[in-house]
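So this block is upload-v9.cif, mmCIF, C-alpha atoms:
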data_my_file
#
loop_
_atom_site.label_atom_id
_atom_site.label_comp_id
_atom_site.auth_asym_id
_atom_site.auth_seq_id
_atom_site.Cartn_x
_atom_site.Cartn_y
_atom_site.Cartn_z
CA MET A 1 0.00 0.00 0.00
CA ARG A 2 1.35 3.41 -0.96
CA PRO A 3 1.75 6.02 1.77
CA LYS A 4 -0.47 9.08 2.07
CA ILE A 5 1.73 12.13 1.65
CA ALA A 6 1.28 15.67 2.96
CA ILE A 7 3.39 18.50 1.53
CA ILE A 8 3.59 21.75 3.48
CA SER A 9 4.11 24.88 1.40
CA SER A 10 3.70 28.62 1.87
CA SER A 11 1.30 28.70 -1.10
CA THR A 12 0.64 27.10 -4.48
CA PRO A 13 -0.24 28.21 -8.00
CA PRO A 14 -2.34 29.93 -9.24
CA LEU A 15 -1.64 32.28 -6.33
CA LEU A 16 1.63 34.19 -6.35
CA THR A 17 4.45 31.93 -5.26
CA GLY A 18 8.21 31.94 -5.22
CA GLY A 19 10.80 29.32 -6.03
CA ILE A 20 10.25 27.28 -2.89
CA SER A 21 6.49 27.02 -3.40
CA SER A 22 7.06 26.16 -7.06
CA ALA A 23 9.44 23.38 -6.03
CA HIS A 24 6.85 21.96 -3.62
CA TRP A 25 4.14 22.22 -6.30
CA ASN A 26 6.35 20.26 -8.74
CA LEU A 27 7.03 17.65 -6.04
CA TYR A 28 3.24 17.33 -5.63
CA LEU A 29 2.74 16.94 -9.40
CA ALA A 30 5.44 14.26 -9.64
CA LEU A 31 4.07 12.26 -6.70
CA LYS A 32 0.48 12.59 -7.97
CA GLN A 33 1.53 11.42 -11.44
CA ALA A 34 3.29 8.43 -9.83
CA GLY A 35 -0.03 7.41 -8.27
CA PHE A 36 0.45 8.54 -4.67
CA CYS A 37 -2.32 9.95 -2.50
CA VAL A 38 -0.88 13.42 -1.88
CA LYS A 39 -2.19 16.77 -0.65
CA ILE A 40 -0.61 20.19 -0.19
CA PHE A 41 -1.29 22.20 2.96
CA THR A 42 -0.45 25.91 2.78
CA TYR A 43 0.37 28.25 5.65
CA ASN A 44 0.69 31.69 3.99
CA ASP A 45 -2.58 32.00 2.10
CA ASN A 46 -3.68 34.74 4.47
CA GLY A 47 -7.35 34.89 5.31
CA CYS A 48 -7.87 31.19 4.50
CA THR A 49 -8.90 28.72 7.18
CA GLY A 50 -8.84 25.31 5.54
CA GLN A 51 -10.43 26.06 2.16
CA MET A 52 -10.05 23.05 -0.12
CA GLU A 53 -9.21 23.37 -3.80
CA GLY A 54 -8.78 19.83 -5.07
CA ASP A 55 -5.70 18.46 -3.33
CA VAL A 56 -4.76 21.87 -1.88
CA VAL A 57 -5.88 22.86 1.61
CA ARG A 58 -5.24 26.58 2.13
CA HIS A 59 -4.43 28.13 5.49
CA GLY A 60 -3.06 31.51 6.48
CA ALA A 61 -3.01 34.25 9.06
CA SER A 62 -5.94 36.43 10.06
CA ARG A 63 -5.94 40.18 9.45
CA LEU A 64 -5.66 40.74 13.20
CA TRP A 65 -2.53 38.59 13.43
CA LEU A 66 -0.96 40.31 10.41
CA ARG A 67 -1.68 43.72 11.94
CA LEU A 68 -0.18 42.65 15.29
CA ASN A 69 2.79 41.17 13.41
CA GLY A 70 3.35 44.57 11.75
CA ILE A 71 3.55 46.22 15.17
CA ILE A 72 5.94 43.55 16.44
CA ASN A 73 8.01 43.98 13.28
CA ARG A 74 8.42 47.74 13.83
CA LEU A 75 9.39 47.24 17.49
CA TYR A 76 11.75 44.41 16.61
CA LEU A 77 13.50 46.38 13.87
CA ALA A 78 13.83 49.41 16.17
CA PHE A 79 15.44 47.13 18.77
CA LEU A 80 17.85 45.69 16.18
CA GLN A 81 18.84 49.14 14.97
CA ALA A 82 19.51 50.25 18.55
CA TRP A 83 21.44 47.08 19.43
CA PHE A 84 23.34 46.26 16.22
CA GLY A 85 23.33 49.63 14.43
CA PRO A 86 22.11 50.31 10.90
CA SER A 87 23.75 47.17 9.48
CA GLY A 88 21.67 44.80 11.63
CA GLN A 89 19.24 43.39 9.07
CA SER A 90 16.77 40.72 10.01
CA TYR A 91 13.82 39.23 8.23
CA GLN A 92 13.56 35.55 9.15
CA PHE A 93 12.17 36.09 12.65
CA ILE A 94 9.35 38.28 11.33
CA TYR A 95 8.56 35.77 8.57
CA VAL A 96 8.36 33.00 11.17
CA LEU A 97 5.84 35.07 13.15
CA ALA A 98 3.84 35.82 9.99
CA SER A 99 3.73 32.09 9.16
CA MET A 100 2.83 30.94 12.67
CA GLU A 101 -0.97 31.24 12.65
CA GLY A 102 -1.39 29.54 9.26
CA ALA A 103 0.98 26.74 10.28
CA LEU A 104 -0.93 26.18 13.53
CA ARG A 105 -4.16 25.90 11.56
CA ILE A 106 -2.69 23.09 9.45
CA ASN A 107 -2.66 20.74 12.46
CA ARG A 108 -6.41 20.12 12.34
CA SER A 109 -6.31 19.39 8.60
CA LEU A 110 -3.36 17.01 9.02
CA LYS A 111 -5.18 15.16 11.77
CA THR A 112 -8.11 14.63 9.41
CA PHE A 113 -5.92 13.57 6.46
CA GLN A 114 -3.66 11.25 8.57
CA PRO A 115 -0.61 11.18 6.28
CA ASN A 116 2.14 8.59 6.59
CA LEU A 117 4.76 10.98 5.23
CA LEU A 118 5.10 14.74 5.79
CA PHE A 119 7.33 17.07 3.75
CA LEU A 120 8.23 20.24 5.71
CA PRO A 121 10.10 23.26 4.33
CA ASP A 122 12.34 25.52 6.39
CA ASN A 123 10.94 28.67 4.74
CA GLY A 124 8.98 30.48 7.47
CA SER A 125 9.76 27.62 9.89
CA PRO A 126 6.28 26.05 9.88
CA GLY A 127 7.77 22.98 11.55
CA PHE A 128 7.93 24.92 14.82
CA PHE A 129 4.12 24.89 14.89
CA ILE A 130 3.06 21.75 13.00
CA ARG A 131 2.66 18.45 14.82
CA ALA A 132 2.99 15.39 12.62
CA PRO A 133 0.21 12.88 13.29
CA LYS A 134 1.18 9.77 15.22
CA GLY A 135 3.14 7.31 13.10
CA CYS A 136 3.87 9.93 10.41
CA LYS A 137 7.47 10.28 9.23
CA THR A 138 8.77 13.79 8.52
CA ILE A 139 11.14 14.81 5.75
CA PHE A 140 12.64 18.26 6.29
CA ILE A 141 13.55 20.19 3.13
CA SER A 142 16.14 22.91 3.62
CA HIS A 143 16.02 25.76 1.12
CA HIS A 144 17.53 28.52 3.27
CA ASN A 145 20.95 27.45 4.47
CA TYR A 146 22.12 30.53 6.38
CA LEU A 147 25.79 29.75 5.68
CA ARG A 148 25.39 30.81 2.07
CA PHE A 149 24.60 34.34 3.25
CA ARG A 150 27.52 34.72 5.69
CA GLY A 151 30.28 37.07 4.62
CA ASN A 152 28.56 38.09 1.37
CA PRO A 153 29.57 41.74 0.74
CA ILE A 154 26.57 42.39 -1.52
CA LEU A 155 23.97 41.30 1.04
CA GLY A 156 25.40 43.15 4.02
CA HIS A 157 25.44 41.93 7.59
CA PHE A 158 22.48 39.94 8.80
CA SER A 159 21.27 39.83 12.34
CA PRO A 160 22.89 37.13 14.47
CA PHE A 161 19.41 36.59 15.92
CA ASP A 162 18.21 35.24 12.57
#

As a first step, turn the structure in this file into structure tokens.
Amino acid sequence: MRPKIAIISSSTPPLLTGGISSAHWNLYLALKQAGFCVKIFTYNDNGCTGQMEGDVVRHGASRLWLRLNGIINRLYLAFLQAWFGPSGQSYQFIYVLASMEGALRINRSLKTFQPNLLFLPDNGSPGFFIRAPKGCKTIFISHHNYLRFRGNPILGHFSPFD
């Protein structure tokens, strides 16, 4: 018997996506074509709370959370500027906060789907908030290896907090 597979992604086509979401969409297409039972669960389709579109289950943050996240972002960046000076850039922490509510909402959908295999990206760190169902194996896909950004003169200095 083939395993049921859940792929976590920030979003999917036809909504605007980046390279990571496109890679997860193509993984879905390949597995589906191979005959696997596979679904994609999104965490950055803001305003969505489990809307199903075929094999895609869309989740995202509420307007209230996004507004609160904007306030946290301004305070956080002011803190970084005061602590690290103008070169202290940081964006990962804020993206993790923005992804949190949508990722938490995925848990209910995963419990219903009961996958045997879960693909988790590092983009937005949804794995901090998603609990794999009992007996489900997790495969972590790393797209953002921070070492590739260290010492790059074009990108500037990133926050050690990130």

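Closest approach to Tyr43 in chain A from the set A:Pro14, A:Pro133, A:Gly102, A:Pro121 is made by A:Gly102, with distances taken over only C-alpha atoms.
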
* Name the residues that the PyMOL selection byres ((chain A and resi 47) around 7) picks from the file above, as an NGL selection string, using the file's chain letters and numbers. => :A and (45-46 or 48-49 or 60-63)

Which residues, named as in the file, does the PyMOL selection byres ((chain A and resi 44) around 12) pick out? Answer as a tab-separated table (two decimals) with C-alpha atoms, in the frame of the given file.
chain	number	residue	atom	x	y	z
A	8	ILE	CA	3.59	21.75	3.48
A	9	SER	CA	4.11	24.88	1.40
A	10	SER	CA	3.70	28.62	1.87
A	11	SER	CA	1.30	28.70	-1.10
A	12	THR	CA	0.64	27.10	-4.48
A	15	LEU	CA	-1.64	32.28	-6.33
A	16	LEU	CA	1.63	34.19	-6.35
A	17	THR	CA	4.45	31.93	-5.26
A	18	GLY	CA	8.21	31.94	-5.22
A	21	SER	CA	6.49	27.02	-3.40
A	41	PHE	CA	-1.29	22.20	2.96
A	42	THR	CA	-0.45	25.91	2.78
A	43	TYR	CA	0.37	28.25	5.65
A	45	ASP	CA	-2.58	32.00	2.10
A	46	ASN	CA	-3.68	34.74	4.47
A	47	GLY	CA	-7.35	34.89	5.31
A	48	CYS	CA	-7.87	31.19	4.50
A	49	THR	CA	-8.90	28.72	7.18
A	50	GLY	CA	-8.84	25.31	5.54
A	57	VAL	CA	-5.88	22.86	1.61
A	58	ARG	CA	-5.24	26.58	2.13
A	59	HIS	CA	-4.43	28.13	5.49
A	60	GLY	CA	-3.06	31.51	6.48
A	61	ALA	CA	-3.01	34.25	9.06
A	62	SER	CA	-5.94	36.43	10.06
A	66	LEU	CA	-0.96	40.31	10.41
A	95	TYR	CA	8.56	35.77	8.57
A	96	VAL	CA	8.36	33.00	11.17
A	97	LEU	CA	5.84	35.07	13.15
A	98	ALA	CA	3.84	35.82	9.99
A	99	SER	CA	3.73	32.09	9.16
A	100	MET	CA	2.83	30.94	12.67
A	101	GLU	CA	-0.97	31.24	12.65
A	102	GLY	CA	-1.39	29.54	9.26
A	103	ALA	CA	0.98	26.74	10.28
A	104	LEU	CA	-0.93	26.18	13.53
A	105	ARG	CA	-4.16	25.90	11.56
A	106	ILE	CA	-2.69	23.09	9.45
A	123	ASN	CA	10.94	28.67	4.74
A	124	GLY	CA	8.98	30.48	7.47
A	125	SER	CA	9.76	27.62	9.89
A	126	PRO	CA	6.28	26.05	9.88

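Of the listed residues (A:Ala6, A:Leu80, A:Ile20, A:Met1), A:Ile20 comes nearest to Ile141 in chain A; the distances count only C-alpha atoms.
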
Box along x, y and z, 4 Å on every side, all listed atoms of range 100-105 of chain A inside: centre and edge lengths in Å to one decimal, as JSON.
{"center_x": -0.7, "center_y": 28.6, "center_z": 11.4, "size_x": 15.0, "size_y": 13.3, "size_z": 12.3}

* Rank A:Ile130, A:Ala82, A:Cys136, A:Ile72 by their smallest atom-to-atom distance to Gln114 in chain A, using all atoms listed in the file, and report the top residue only. => A:Cys136

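For the set A:Lys39, A:Ala78, A:Glu53, A:Asp122, the residue with the smallest atom-to-atom gap to Pro3 in chain A is A:Lys39, counting all atoms listed in the file.
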
Add whatever atoms are absent from range 106-120 of chain A to reach N, CA and C atoms, and provide the output as a PDB file, in the frame of the given file.
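Wrote it out as result05.pdb, contents follow:
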ATOM      1  N   ILE A 106      -2.882  24.315  10.249  1.00  0.00           N
ATOM      2  CA  ILE A 106      -2.690  23.090   9.450  1.00  0.00           C
ATOM      3  C   ILE A 106      -2.873  21.841  10.305  1.00  0.00           C
ATOM      4  N   ASN A 107      -2.598  21.934  11.600  1.00  0.00           N
ATOM      5  CA  ASN A 107      -2.660  20.740  12.460  1.00  0.00           C
ATOM      6  C   ASN A 107      -3.994  20.023  12.392  1.00  0.00           C
ATOM      7  N   ARG A 108      -5.077  20.754  12.398  1.00  0.00           N
ATOM      8  CA  ARG A 108      -6.410  20.120  12.340  1.00  0.00           C
ATOM      9  C   ARG A 108      -6.593  19.388  11.009  1.00  0.00           C
ATOM     10  N   SER A 109      -6.166  20.020   9.918  1.00  0.00           N
ATOM     11  CA  SER A 109      -6.310  19.390   8.600  1.00  0.00           C
ATOM     12  C   SER A 109      -5.437  18.141   8.477  1.00  0.00           C
ATOM     13  N   LEU A 110      -4.227  18.199   9.047  1.00  0.00           N
ATOM     14  CA  LEU A 110      -3.360  17.010   9.020  1.00  0.00           C
ATOM     15  C   LEU A 110      -3.951  15.870   9.823  1.00  0.00           C
ATOM     16  N   LYS A 111      -4.564  16.197  10.936  1.00  0.00           N
ATOM     17  CA  LYS A 111      -5.180  15.160  11.770  1.00  0.00           C
ATOM     18  C   LYS A 111      -6.299  14.453  11.007  1.00  0.00           C
ATOM     19  N   THR A 112      -7.041  15.209  10.222  1.00  0.00           N
ATOM     20  CA  THR A 112      -8.110  14.630   9.410  1.00  0.00           C
ATOM     21  C   THR A 112      -7.545  13.781   8.271  1.00  0.00           C
ATOM     22  N   PHE A 113      -6.508  14.266   7.607  1.00  0.00           N
ATOM     23  CA  PHE A 113      -5.920  13.570   6.460  1.00  0.00           C
ATOM     24  C   PHE A 113      -5.128  12.328   6.882  1.00  0.00           C
ATOM     25  N   GLN A 114      -4.463  12.368   8.032  1.00  0.00           N
ATOM     26  CA  GLN A 114      -3.660  11.250   8.570  1.00  0.00           C
ATOM     27  C   GLN A 114      -2.606  10.753   7.571  1.00  0.00           C
ATOM     28  N   PRO A 115      -1.647  11.631   7.208  1.00  0.00           N
ATOM     29  CA  PRO A 115      -0.610  11.180   6.280  1.00  0.00           C
ATOM     30  C   PRO A 115       0.391  10.245   6.944  1.00  0.00           C
ATOM     31  N   ASN A 116       1.057   9.450   6.123  1.00  0.00           N
ATOM     32  CA  ASN A 116       2.140   8.590   6.590  1.00  0.00           C
ATOM     33  C   ASN A 116       3.491   9.282   6.445  1.00  0.00           C
ATOM     34  N   LEU A 117       3.534  10.281   5.555  1.00  0.00           N
ATOM     35  CA  LEU A 117       4.760  10.980   5.230  1.00  0.00           C
ATOM     36  C   LEU A 117       4.455  12.477   5.125  1.00  0.00           C
ATOM     37  N   LEU A 118       5.310  13.296   5.755  1.00  0.00           N
ATOM     38  CA  LEU A 118       5.100  14.740   5.790  1.00  0.00           C
ATOM     39  C   LEU A 118       6.364  15.439   5.294  1.00  0.00           C
ATOM     40  N   PHE A 119       6.231  16.262   4.260  1.00  0.00           N
ATOM     41  CA  PHE A 119       7.330  17.070   3.750  1.00  0.00           C
ATOM     42  C   PHE A 119       7.204  18.472   4.328  1.00  0.00           C
ATOM     43  N   LEU A 120       8.240  18.925   5.055  1.00  0.00           N
ATOM     44  CA  LEU A 120       8.230  20.240   5.710  1.00  0.00           C
ATOM     45  C   LEU A 120       9.357  21.113   5.170  1.00  0.00           C
TER      46      LEU A 120
END
